[in-house]
Each structure stands twice: as C-alpha cells, then as structure tokens.
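File shown: work.pdb. Contents: PDB, C-alpha atoms and all ligand atoms.
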```pdb
ATOM      1  CA  GLU W   7       1.438  -4.111  10.272
ATOM      2  CA  GLU W   8       2.747  -1.113   8.412
ATOM      3  CA  GLN W   9       6.527  -0.989   8.227
ATOM      4  CA  THR W  10       8.771   1.553   6.603
ATOM      5  CA  SER W  11      12.270   0.581   5.727
ATOM      6  CA  PRO W  12      14.944   3.250   5.990
ATOM      7  CA  THR W  13      16.881   1.589   3.174
ATOM      8  CA  SER W  14      13.888   1.207   0.892
ATOM      9  CA  SER W  15      15.331   3.464  -1.800
ATOM     10  CA  SER W  16      18.179   1.036  -2.382
ATOM     11  CA  SER W  17      16.057  -2.090  -2.712
ATOM     12  CA  SER W  18      15.052  -3.178  -6.158
ATOM     13  CA  PRO W  19      13.163  -6.188  -7.413
ATOM     14  CA  PRO W  20      15.199  -9.360  -7.795
ATOM     15  CA  PRO W  21      16.447  -9.995 -11.313
ATOM     16  CA  SER W  22      13.959 -11.791 -13.550
ATOM     17  CA  SER W  23      11.122 -11.283 -11.124
ATOM     18  CA  HIS W  24       7.588 -10.430 -12.173
ATOM     19  CA  PHE W  25       5.406  -7.787 -10.593
ATOM     20  CA  ILE W  26       2.115  -9.158  -9.269
ATOM     21  CA  GLY W  27       0.526  -6.262  -7.441
ATOM     22  CA  ARG W  28       0.456  -4.159  -4.306
ATOM     23  CA  LYS W  29       0.683  -6.147  -1.092
ATOM     24  CA  GLU W  30      -2.532  -4.703   0.332
ATOM     25  CA  ASP W  31      -4.433  -5.648  -2.816
ATOM     26  CA  VAL W  32      -3.106  -9.221  -2.764
ATOM     27  CA  VAL W  33      -3.892  -9.587   0.924
ATOM     28  CA  GLN W  34      -7.393  -8.232   0.438
ATOM     29  CA  ALA W  35      -8.093 -10.400  -2.605
ATOM     30  CA  LYS W  36      -6.497 -13.439  -0.860
ATOM     31  CA  ARG W  37      -5.968 -14.992  -4.330
ATOM     32  CA  VAL W  38      -4.509 -13.320  -7.377
ATOM     33  CA  THR W  39      -3.896 -14.982 -10.717
ATOM     34  CA  LYS W  40      -1.726 -13.386 -13.336
ATOM     35  CA  LEU W  41      -0.062 -14.330 -16.594
ATOM     36  CA  VAL W  42       3.538 -13.196 -16.213
ATOM     37  CA  GLY W  43       6.547 -14.217 -18.242
ATOM     38  CA  GLY W  44       4.491 -16.806 -20.114
ATOM     39  CA  ARG W  45       3.196 -18.531 -16.972
ATOM     40  CA  ASP W  46      -0.149 -18.401 -15.236
ATOM     41  CA  VAL W  47       0.682 -18.031 -11.582
ATOM     42  CA  LEU W  48      -1.450 -18.047  -8.492
ATOM     43  CA  VAL W  49      -0.358 -15.873  -5.592
ATOM     44  CA  LEU W  50      -2.253 -16.392  -2.398
ATOM     45  CA  CYS W  51      -2.177 -15.032   1.071
ATOM     46  CA  HIS W  52      -2.751 -17.487   3.876
ATOM     47  CA  GLN W  53      -2.435 -16.518   7.528
ATOM     48  CA  GLY W  54      -0.466 -13.456   6.549
ATOM     49  CA  LYS W  55       2.027 -15.364   4.434
ATOM     50  CA  LEU W  56       2.287 -15.115   0.654
ATOM     51  CA  HIS W  57       2.718 -18.194  -1.543
ATOM     52  CA  ALA W  58       3.033 -18.592  -5.296
ATOM     53  CA  MET W  59       2.629 -21.571  -7.580
ATOM     54  CA  ASP W  60       1.508 -22.529 -11.041
ATOM     55  CA  MET W  61      -2.180 -21.762 -11.310
ATOM     56  CA  ARG W  62      -3.343 -25.008 -12.939
ATOM     57  CA  CYS W  63      -3.339 -28.229 -10.965
ATOM     58  CA  TYR W  64      -0.779 -30.822 -12.000
ATOM     59  CA  HIS W  65      -3.448 -33.520 -12.275
ATOM     60  CA  THR W  66      -5.561 -32.290 -15.185
ATOM     61  CA  GLY W  67      -5.255 -28.522 -15.000
ATOM     62  CA  GLY W  68      -7.871 -27.631 -12.375
ATOM     63  CA  PRO W  69      -8.174 -24.013 -11.196
ATOM     64  CA  LEU W  70      -6.252 -23.956  -7.928
ATOM     65  CA  GLN W  71      -7.315 -20.373  -7.280
ATOM     66  CA  GLU W  72     -10.723 -21.825  -6.372
ATOM     67  CA  GLY W  73      -9.321 -24.419  -3.989
ATOM     68  CA  ASP W  74      -9.700 -24.467  -0.227
ATOM     69  CA  ILE W  75      -6.684 -24.344   2.025
ATOM     70  CA  GLU W  76      -6.513 -27.060   4.648
ATOM     71  CA  GLU W  77      -3.930 -28.681   6.844
ATOM     72  CA  PHE W  78      -3.081 -32.362   6.320
ATOM     73  CA  ASP W  79      -0.520 -34.163   8.396
ATOM     74  CA  GLY W  80       0.628 -30.816   9.770
ATOM     75  CA  ARG W  81       1.193 -29.308   6.331
ATOM     76  CA  MET W  82      -0.776 -26.491   4.721
ATOM     77  CA  CYS W  83      -2.224 -27.584   1.404
ATOM     78  CA  ILE W  84      -4.394 -26.208  -1.333
ATOM     79  CA  VAL W  85      -7.104 -28.662  -2.283
ATOM     80  CA  CYS W  86      -7.897 -28.691  -5.990
ATOM     81  CA  PRO W  87     -11.618 -28.098  -6.556
ATOM     82  CA  TRP W  88     -11.787 -30.646  -9.381
ATOM     83  CA  HIS W  89     -10.688 -33.956  -7.855
ATOM     84  CA  LYS W  90      -9.532 -32.861  -4.397
ATOM     85  CA  TYR W  91      -5.832 -33.459  -4.884
ATOM     86  CA  LYS W  92      -3.856 -31.953  -2.015
ATOM     87  CA  ILE W  93      -0.784 -29.856  -2.768
ATOM     88  CA  THR W  94       1.515 -28.438  -0.101
ATOM     89  CA  LEU W  95       1.787 -24.666  -0.277
ATOM     90  CA  ALA W  96       5.438 -24.578   0.641
ATOM     91  CA  GLU W  97       6.867 -27.240  -1.688
ATOM     92  CA  GLY W  98       4.189 -28.193  -4.221
ATOM     93  CA  GLU W  99       4.214 -31.796  -3.062
ATOM     94  CA  GLY W 100       1.250 -34.002  -3.846
ATOM     95  CA  LEU W 101      -0.037 -35.668  -0.687
ATOM     96  CA  TYR W 102      -2.179 -38.761  -0.560
ATOM     97  CA  GLN W 103      -3.416 -41.193   2.021
ATOM     98  CA  ALA W 104      -2.094 -44.694   1.875
ATOM     99  CA  VAL W 105      -3.734 -47.534   3.712
ATOM    100  CA  ASN W 106      -1.744 -50.411   5.097
ATOM    101  CA  PRO W 107      -4.128 -53.340   4.633
ATOM    102  CA  SER W 108      -2.208 -55.615   6.984
ATOM    103  CA  ALA W 109      -2.669 -53.265   9.934
ATOM    104  CA  THR W 110      -5.676 -53.948  12.110
ATOM    105  CA  PRO W 111      -7.659 -51.842  11.818
ATOM    106  CA  PRO W 112      -6.258 -50.618   8.473
ATOM    107  CA  LYS W 113      -4.748 -47.271   9.295
ATOM    108  CA  PRO W 114      -4.377 -44.578   6.646
ATOM    109  CA  THR W 115      -1.143 -42.624   6.656
ATOM    110  CA  TRP W 116      -0.155 -39.548   4.665
ATOM    111  CA  ARG W 117       2.444 -39.995   1.981
ATOM    112  CA  SER W 118       4.054 -37.671  -0.534
ATOM    113  CA  LYS W 119       4.210 -38.220  -4.278
ATOM    114  CA  GLY W 120       7.064 -35.711  -4.404
ATOM    115  CA  VAL W 121       7.005 -32.277  -5.985
ATOM    116  CA  LYS W 122       4.212 -32.138  -8.550
ATOM    117  CA  GLN W 123       3.287 -28.472  -8.652
ATOM    118  CA  ARG W 124       5.897 -25.830  -9.433
ATOM    119  CA  VAL W 125       5.985 -23.358  -6.550
ATOM    120  CA  HIS W 126       7.640 -19.986  -6.992
ATOM    121  CA  GLN W 127       9.373 -17.522  -4.750
ATOM    122  CA  VAL W 128       7.529 -14.448  -3.520
ATOM    123  CA  THR W 129       9.402 -11.258  -2.716
ATOM    124  CA  GLU W 130       7.974  -8.127  -1.183
ATOM    125  CA  ILE W 131       9.663  -4.789  -1.790
ATOM    126  CA  ASN W 132       8.186  -1.510  -0.635
ATOM    127  CA  ARG W 133       4.867  -3.332  -0.343
ATOM    128  CA  ASP W 134       5.005  -4.445  -3.948
ATOM    129  CA  VAL W 135       4.743  -8.205  -4.514
ATOM    130  CA  TYR W 136       6.993  -9.962  -7.027
ATOM    131  CA  VAL W 137       7.253 -13.566  -8.105
ATOM    132  CA  THR W 138      10.509 -15.161  -9.158
ATOM    133  CA  PHE W 139      10.084 -18.424 -11.011
ATOM    134  CA  ASN W 140      11.399 -21.623  -9.581
ATOM    135  CA  ASP W 141      13.842 -22.454 -12.376
ATOM    136  CA  SER W 142      14.481 -26.068 -11.442
ATOM    137  CA  PRO W 143      15.506 -27.734 -14.721
ATOM    138  CA  ASP W 144      13.637 -30.895 -13.825
ATOM    139  CA  THR W 145      10.228 -31.197 -15.394
ATOM    140  CA  ILE W 146       7.483 -30.794 -12.825
ATOM    141  CA  ASP W 147       4.053 -32.174 -13.674
ATOM    142  CA  SER W 148       2.302 -28.793 -13.537
ATOM    143  CA  ASP W 149       4.598 -27.482 -16.310
ATOM    144  CA  PHE W 150       2.436 -29.188 -18.906
ATOM    145  CA  TYR W 151      -0.463 -26.818 -18.247
ATOM    146  CA  GLN W 152       1.769 -23.809 -18.886
ATOM    147  CA  THR W 153       2.530 -24.567 -22.485
ATOM    148  CA  GLU W 154       1.157 -22.659 -25.455
ATOM    149  CA  ARG W 155      -0.123 -25.943 -26.778
ATOM    150  CA  TYR W 156      -2.232 -26.516 -23.709
ATOM    151  CA  ARG W 157      -3.507 -22.920 -23.751
ATOM    152  CA  ALA W 158      -4.547 -23.315 -27.371
ATOM    153  CA  THR W 159      -6.679 -26.336 -26.470
ATOM    154  CA  ILE W 160      -8.537 -24.584 -23.650
ATOM    155  CA  ASN W 161      -9.049 -21.394 -25.637
ATOM    156  CA  LYS W 162     -10.679 -23.405 -28.374
ATOM    157  CA  ALA W 163     -13.002 -25.226 -25.990
TER     158      ALA W 163
HETATM  159 FE1  LIG Z   1      -6.770 -31.000  -9.736
HETATM  160 FE2  LIG Z   1      -7.756 -33.217 -10.781
HETATM  161  S1  LIG Z   1      -7.348 -31.376 -11.754
HETATM  162  S2  LIG Z   1      -7.306 -32.798  -8.738
END
```
For this file, produce the structure as structure tokens.
Amino acid sequence: EEQTSPTSSSSSPPPSSHFIGRKEDVVQAKRVTKLVGGRDVLVLCHQGKLHAMDMRCYHTGGPLQEGDIEEFDGRMCIVCPWHKYKITLAEGEGLYQAVNPSATPPKPTWRSKGVKQRVHQVTEINRDVYVTFNDSPDTIDSDFYQTERYRATINKA
C-alpha cells in the first residue's frame, strides 16, 4: 500500500544506519544480502514485514538467505539450509526440540537456546530501507562469521 507522508522532508535515516535498498526492490526480491559497515546482513521480507540479521548462520556459517521460513511453536523462524537449525526472525533465538524421556509417550517440546543470531533493526524512510546494527556488547554466536579472519578463510577456499 502506497503511502505518502506529509512530513517526509524532515525525516532522515537514523544515525549509524546503513542503506540497503528501495523498499519495492527488497519486497520483490524477498531476500537481500549486503555487506554494510563490515557486516554481511540479510534483509528479508516475510508477510509484508521486514527483518534483518547476520547473513551467516551461528552454527557453522550457513547461508541463511537460502533458508525457508517456517513457524515453530508459534514463532516465525528461518531454517538454515545446511543443518536445519531454526532461528526466530524477531529475536535470533535458536530453537530446538527437547524430548522428555520420562513422559509416556515421550513428548517433544520446543525450547530456546537463547539469542544466537544477531538480529538488526530495520527502518523504512521514504520507501528506502535502512539497517541499524544491534550493538549489544555481549558476544552473540553469529558474530564469529563476521570477522575478517573468517572471511579470509572462505575467500581462500
Ligand atoms: Fe546453519 Fe549448521 S550452519 S545449521
């Protein structure tokens, strides 16, 4: 739905945000990957909503841009194409199924490993899409695959 904002001339991108592309291009492509500010990010559009996260899976660096999006336990996840790890779009939590062996029959339940994938904030201004990095100082597992050292190893391969 096309919307024009009367105050559009006064809006500017948030500080330290990175331009990804035009909204219509992102929506049409559904997945966009871009190296911005030293990070490979994946921006995806799912059911009209934009999400951003580190592009490489926290497990061993799989290409999340090729993952399917599915709902598990009521939460939208991207499923890594390499080993099928499930990552929530909204928080970057790793989900897994735990089985209680003492239950009869053993009943699997969904559990969270906590935040494993760094998810970033998406802002839309005048139909331009920007990503602002999640600057949580805590190390998140997916950070490893954003280092120059890691890039050097895959570029050599
Ligand atoms: Fe993503 Fe293993 S690399 S599940």
Long-range neighbours of Asp149 (chain W) as a ChimeraX atom specification, 12 Å cut-off, all atoms listed in the file, 2 positions minimum in chain: /W:44-47,59-67,121-125,139-147,151-157
Output the residue selection produced by the PyMOL selection byres (((not hetatm)) within 10 of (chain Z and resi 1)) on the file above, formatted as number ranges by chain. W: 62-70, 73, 84-93, 100
Go ahead and save the residues from that selection, with C-alpha atoms, as a PDB file, keeping the file's coordinate frame.
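Result file is again-v9.pdb:
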```
ATOM      1  CA  ARG W  62      -3.343 -25.008 -12.939  1.00  0.00           C
ATOM      2  CA  CYS W  63      -3.339 -28.229 -10.965  1.00  0.00           C
ATOM      3  CA  TYR W  64      -0.779 -30.822 -12.000  1.00  0.00           C
ATOM      4  CA  HIS W  65      -3.448 -33.520 -12.275  1.00  0.00           C
ATOM      5  CA  THR W  66      -5.561 -32.290 -15.185  1.00  0.00           C
ATOM      6  CA  GLY W  67      -5.255 -28.522 -15.000  1.00  0.00           C
ATOM      7  CA  GLY W  68      -7.871 -27.631 -12.375  1.00  0.00           C
ATOM      8  CA  PRO W  69      -8.174 -24.013 -11.196  1.00  0.00           C
ATOM      9  CA  LEU W  70      -6.252 -23.956  -7.928  1.00  0.00           C
ATOM     10  CA  GLY W  73      -9.321 -24.419  -3.989  1.00  0.00           C
ATOM     11  CA  ILE W  84      -4.394 -26.208  -1.333  1.00  0.00           C
ATOM     12  CA  VAL W  85      -7.104 -28.662  -2.283  1.00  0.00           C
ATOM     13  CA  CYS W  86      -7.897 -28.691  -5.990  1.00  0.00           C
ATOM     14  CA  PRO W  87     -11.618 -28.098  -6.556  1.00  0.00           C
ATOM     15  CA  TRP W  88     -11.787 -30.646  -9.381  1.00  0.00           C
ATOM     16  CA  HIS W  89     -10.688 -33.956  -7.855  1.00  0.00           C
ATOM     17  CA  LYS W  90      -9.532 -32.861  -4.397  1.00  0.00           C
ATOM     18  CA  TYR W  91      -5.832 -33.459  -4.884  1.00  0.00           C
ATOM     19  CA  LYS W  92      -3.856 -31.953  -2.015  1.00  0.00           C
ATOM     20  CA  ILE W  93      -0.784 -29.856  -2.768  1.00  0.00           C
ATOM     21  CA  GLY W 100       1.250 -34.002  -3.846  1.00  0.00           C
TER      22      GLY W 100
END
```
Write out as a list in words which residues come within 9 Å of Ile131 (chain W) when counting only C-alpha atoms, dropping same-chain ones fewer than 5 positions away.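 My list of contacting residues is Ser14, Ser17, Ser18, Pro19 and Tyr136 of chain W.
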d(CA of Trp116 (chain W), CA of Gly54 (chain W)) in Å: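 Computed distance, CA of Trp116 (chain W) to CA of Gly54 (chain W), equals 26.2 Å.
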CA of Leu95 (chain W) to CA of Ser23 (chain W): how many Å, to one decimal?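 Computing the Euclidean distance for CA of Leu95 (chain W) and CA of Ser23 (chain W) yields 19.6 Å.
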So, with all atoms listed in the file as the atoms that count, which of W:Asn106, W:Thr159, W:Gln53, W:Thr138 lies closest to Met82 (chain W)?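 Answer, going by the shortest atom-to-atom distance: W:Gln53.
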Using only C-alpha atoms, which residue out of W:Lys29, W:His24, W:Arg81, W:Lys40 lies closest to Lys55 (chain W)?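 Under the stated criterion, the closest residue is W:Lys29.
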